[in-house]
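Engineer: Supplied in structure tokens, the structure appears directly below.
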Amino acid sequence: METCSLCEEQSKKTRRGNPHQYLAKIDEVRIFRGVSPRGFEEQDYQCMACHAKFTRSTGKNDLAWTLWQG
């Protein structure tokens with residue numbers, strides 16, 4: 001199945017980009033603790049329209065929104 005236009009735009013969003021209206025959380029948030037303030041969180045989402053999956057990360061060295069491939 002192809003990725004919808006909303007998900008294509010989502011993959012280009014920055015850290016402040018909120019999930020679009022069809023993205024729903026699919027797992028619990030993963031918290032990675034480090035020396036303060038270096039901890040970060042990751043949350044998985046799935047699009048209810050095209051079923052694309054994303055991971056949103058607050059880590060400064062990660063992409064904000066990562067579209068899963070495959």
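Identifiers in the structure tokens: chain A, B, ... in order shown; residue index from 1 per chain; ligand index from 1 in order shown.
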For range 30-46 of chain A, list every protein, DNA or RNA residue within 10 Å, evaluated using only C-alpha atoms, and leave out those in the same chain fewer than 4 positions away; present the list as a list of chain:residue names.
Structural biologist: A:Cys7, A:Pro19, A:Tyr22, A:Leu23, A:Ala24, A:Lys25, A:Ile26, A:Cys50, A:His51, A:Ala52, A:Lys53, A:Phe54, A:Thr55, A:Arg56, A:Ser57, A:Thr58, A:Gly59, A:Lys60, A:Asp62, A:Ala64, A:Trp65, A:Thr66, A:Leu67, A:Trp68
Engineer: Please determine, counting only C-alpha atoms, which residue among A:Thr14, A:Gln69, A:Thr3, A:Asn61 has the shortest atom-to-atom distance to Cys47 in chain A.
Structural biologist: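 Comparing A:Thr14, A:Gln69, A:Thr3, A:Asn61 against Cys47 in chain A, the winner is A:Thr3.
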Engineer: Give me, as a list in words, the residues of chain A that a backbone DSSP run labels strand (DSSP E or B).
Structural biologist: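 Selecting the strand (DSSP E or B) positions of chain A gives Leu23, Ala24, Lys25, Arg30, Ile31, Phe32, Phe40, Glu41, Glu42, Gln43, Asp44, Tyr45, Gln46, Cys47, Lys53, Phe54, Thr55, Arg56, Ser57, Trp65, Thr66 and Leu67 of chain A.
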Engineer: Export N, CA and C atoms of the chosen residues as a short mmCIF file (atom, residue, chain, number, x, y, z; two decimals), in the first residue's frame?
Structural biologist:
```cif
data_model
loop_
_atom_site.label_atom_id
_atom_site.label_comp_id
_atom_site.auth_asym_id
_atom_site.auth_seq_id
_atom_site.Cartn_x
_atom_site.Cartn_y
_atom_site.Cartn_z
N LEU A 23 -2.86 9.83 12.56
CA LEU A 23 -1.82 9.07 13.26
C LEU A 23 -2.27 8.77 14.68
N ALA A 24 -2.19 7.50 15.04
CA ALA A 24 -2.58 7.06 16.38
C ALA A 24 -1.40 6.36 17.04
N LYS A 25 -1.26 6.55 18.34
CA LYS A 25 -0.19 5.87 19.09
C LYS A 25 -0.47 4.38 19.08
N ARG A 30 8.72 4.94 24.85
CA ARG A 30 9.99 4.39 25.34
C ARG A 30 10.82 5.56 25.86
N ILE A 31 11.26 5.47 27.10
CA ILE A 31 12.03 6.54 27.72
C ILE A 31 13.47 6.07 27.88
N PHE A 32 14.38 6.84 27.34
CA PHE A 32 15.81 6.54 27.43
C PHE A 32 16.43 7.58 28.35
N PHE A 40 15.89 11.05 26.32
CA PHE A 40 14.94 11.32 25.24
C PHE A 40 13.86 10.26 25.24
N GLU A 41 12.81 10.52 24.45
CA GLU A 41 11.67 9.61 24.35
C GLU A 41 11.42 9.25 22.90
N GLU A 42 10.86 8.04 22.71
CA GLU A 42 10.41 7.62 21.39
C GLU A 42 8.99 7.10 21.51
N GLN A 43 8.17 7.41 20.52
CA GLN A 43 6.78 6.97 20.48
C GLN A 43 6.46 6.49 19.07
N ASP A 44 5.81 5.33 18.96
CA ASP A 44 5.42 4.80 17.66
C ASP A 44 3.99 5.19 17.33
N TYR A 45 3.75 5.46 16.06
CA TYR A 45 2.44 5.85 15.55
C TYR A 45 2.12 5.04 14.30
N GLN A 46 0.82 4.86 14.02
CA GLN A 46 0.40 4.24 12.77
C GLN A 46 -0.74 5.06 12.18
N CYS A 47 -0.69 5.25 10.87
CA CYS A 47 -1.71 6.01 10.15
C CYS A 47 -2.94 5.12 9.97
N LYS A 53 3.77 3.42 9.30
CA LYS A 53 4.21 3.48 10.70
C LYS A 53 5.35 4.48 10.82
N PHE A 54 5.32 5.22 11.92
CA PHE A 54 6.32 6.23 12.22
C PHE A 54 6.85 6.03 13.63
N THR A 55 8.07 6.50 13.86
CA THR A 55 8.61 6.67 15.21
C THR A 55 8.92 8.14 15.37
N ARG A 56 8.43 8.71 16.46
CA ARG A 56 8.74 10.10 16.80
C ARG A 56 9.76 10.09 17.92
N SER A 57 10.87 10.80 17.72
CA SER A 57 11.94 10.83 18.71
C SER A 57 12.23 12.26 19.14
N TRP A 65 10.80 12.59 12.96
CA TRP A 65 9.82 11.62 12.49
C TRP A 65 10.50 10.67 11.53
N THR A 66 10.48 9.37 11.84
CA THR A 66 11.08 8.36 10.99
C THR A 66 9.98 7.46 10.44
N LEU A 67 9.84 7.40 9.13
CA LEU A 67 8.88 6.54 8.46
C LEU A 67 9.49 5.16 8.32
#
```
Engineer: Quick check for you: according to DSSP on this backbone, which residues of chain A are classed as alpha helix (DSSP H)? Reply as a ChimeraX atom specification.
Structural biologist: /A:5-10
